[in-house]
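Notes for the one structure printed next.
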Amino acid sequence: MLPPPQISRVSHHRVACDGAHDGIPAALGHPRVWLEIDETGYVDCGYCDRRFVLIGGPADGADQAALPDHGDGAGR
C-alpha cells in the first residue's frame, strides 16, 4: 500500500475538505465536502485522497501506509 498524498492532523471529528493546500487555492481544488471521523480515528477525502487523522485517536502515530483507504460513506 502507498501512504496518502497528504495527511492533516485535526482536533475535531467533523472536518471540511475543499482541496486547498500548499499554496493551491480552493478555487483550483474541488467542491467542499464535510467528512466525519469515526472510531478508526481517520477519514480520507474521496476527491483528493487527503487523510484527516484525529489527534490522539487510534490512527495518530500509526504507519499511514499500513491503514486501508477509508472514505466518508459509500466507499467504505
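To be explicit about the labels: the chains of the C-alpha cells are called A, B, and onward in the order shown, and within each one the residues are counted from 1, while ligands get numbers from 1 in the order they are shown.
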
If we count only C-alpha atoms and set the cut-off at 12 Å, which residues sit around range 57-67 of chain A, ignoring sequence neighbours fewer than 2 positions away in its own chain? Please answer as number ranges by chain.
A: 1-13, 37-44, 50-55, 69-70

So that I can check the surroundings of Tyr47 in chain A, please list as a PDB file with all heavy atoms, in the first residue's frame every protein, DNA and RNA residue that reaches within 10 Å of it, counting only C-alpha atoms and ignoring chain neighbours fewer than 6 positions away.
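So result_1.pdb came out as:
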ATOM      1  N   CYS A  17     -13.178  19.540   3.597  1.00  0.00           N
ATOM      2  CA  CYS A  17     -12.074  19.500   2.649  1.00  0.00           C
ATOM      3  C   CYS A  17     -12.540  20.142   1.346  1.00  0.00           C
ATOM      4  O   CYS A  17     -13.624  19.828   0.840  1.00  0.00           O
ATOM      5  CB  CYS A  17     -11.622  18.061   2.402  1.00  0.00           C
ATOM      6  SG  CYS A  17     -10.150  17.944   1.354  1.00  0.00           S
ATOM      7  N   ASP A  18     -11.726  21.049   0.818  1.00  0.00           N
ATOM      8  CA  ASP A  18     -12.034  21.675  -0.472  1.00  0.00           C
ATOM      9  C   ASP A  18     -10.868  21.561  -1.453  1.00  0.00           C
ATOM     10  O   ASP A  18     -10.862  22.174  -2.505  1.00  0.00           O
ATOM     11  CB  ASP A  18     -12.447  23.132  -0.303  1.00  0.00           C
ATOM     12  CG  ASP A  18     -11.380  23.980   0.366  1.00  0.00           C
ATOM     13  OD1 ASP A  18     -10.236  23.509   0.521  1.00  0.00           O
ATOM     14  OD2 ASP A  18     -11.704  25.124   0.741  1.00  0.00           O
ATOM     15  N   GLY A  19      -9.868  20.776  -1.094  1.00  0.00           N
ATOM     16  CA  GLY A  19      -8.737  20.550  -1.974  1.00  0.00           C
ATOM     17  C   GLY A  19      -7.643  21.593  -1.882  1.00  0.00           C
ATOM     18  O   GLY A  19      -6.600  21.452  -2.506  1.00  0.00           O
ATOM     19  N   GLY A  29      -9.199  23.560  -6.320  1.00  0.00           N
ATOM     20  CA  GLY A  29      -9.332  22.274  -5.647  1.00  0.00           C
ATOM     21  C   GLY A  29     -10.561  21.521  -6.132  1.00  0.00           C
ATOM     22  O   GLY A  29     -10.695  21.204  -7.307  1.00  0.00           O
ATOM     23  N   HIS A  30     -11.481  21.252  -5.209  1.00  0.00           N
ATOM     24  CA  HIS A  30     -12.707  20.522  -5.528  1.00  0.00           C
ATOM     25  C   HIS A  30     -13.836  21.093  -4.678  1.00  0.00           C
ATOM     26  O   HIS A  30     -13.596  21.902  -3.780  1.00  0.00           O
ATOM     27  CB  HIS A  30     -12.517  19.020  -5.293  1.00  0.00           C
ATOM     28  CG  HIS A  30     -12.128  18.641  -3.900  1.00  0.00           C
ATOM     29  ND1 HIS A  30     -12.980  18.718  -2.815  1.00  0.00           N
ATOM     30  CD2 HIS A  30     -10.953  18.164  -3.404  1.00  0.00           C
ATOM     31  CE1 HIS A  30     -12.349  18.310  -1.729  1.00  0.00           C
ATOM     32  NE2 HIS A  30     -11.116  17.975  -2.056  1.00  0.00           N
ATOM     33  N   PRO A  31     -15.083  20.692  -4.924  1.00  0.00           N
ATOM     34  CA  PRO A  31     -16.181  21.190  -4.094  1.00  0.00           C
ATOM     35  C   PRO A  31     -15.948  20.847  -2.626  1.00  0.00           C
ATOM     36  O   PRO A  31     -15.390  19.789  -2.317  1.00  0.00           O
ATOM     37  CB  PRO A  31     -17.408  20.438  -4.621  1.00  0.00           C
ATOM     38  CG  PRO A  31     -17.030  19.956  -5.973  1.00  0.00           C
ATOM     39  CD  PRO A  31     -15.538  19.761  -5.951  1.00  0.00           C
ATOM     40  N   ARG A  32     -16.356  21.734  -1.731  1.00  0.00           N
ATOM     41  CA  ARG A  32     -16.189  21.474  -0.294  1.00  0.00           C
ATOM     42  C   ARG A  32     -17.082  20.311   0.112  1.00  0.00           C
ATOM     43  O   ARG A  32     -18.262  20.261  -0.219  1.00  0.00           O
ATOM     44  CB  ARG A  32     -16.565  22.698   0.519  1.00  0.00           C
ATOM     45  CG  ARG A  32     -16.455  22.422   2.028  1.00  0.00           C
ATOM     46  CD  ARG A  32     -16.714  23.634   2.837  1.00  0.00           C
ATOM     47  NE  ARG A  32     -15.596  24.529   2.607  1.00  0.00           N
ATOM     48  CZ  ARG A  32     -15.480  25.717   3.141  1.00  0.00           C
ATOM     49  NH1 ARG A  32     -16.414  26.172   3.930  1.00  0.00           N
ATOM     50  NH2 ARG A  32     -14.448  26.475   2.882  1.00  0.00           N
ATOM     51  N   VAL A  33     -16.475  19.367   0.799  1.00  0.00           N
ATOM     52  CA  VAL A  33     -17.210  18.227   1.348  1.00  0.00           C
ATOM     53  C   VAL A  33     -16.939  18.156   2.847  1.00  0.00           C
ATOM     54  O   VAL A  33     -15.866  18.533   3.318  1.00  0.00           O
ATOM     55  CB  VAL A  33     -16.801  16.893   0.680  1.00  0.00           C
ATOM     56  CG1 VAL A  33     -17.253  16.853  -0.767  1.00  0.00           C
ATOM     57  CG2 VAL A  33     -15.312  16.643   0.764  1.00  0.00           C
ATOM     58  N   GLY A  71     -13.025   5.995   3.228  1.00  0.00           N
ATOM     59  CA  GLY A  71     -13.837   7.115   2.758  1.00  0.00           C
ATOM     60  C   GLY A  71     -14.893   7.516   3.749  1.00  0.00           C
ATOM     61  O   GLY A  71     -14.977   6.972   4.849  1.00  0.00           O
TER      62      GLY A  71
END
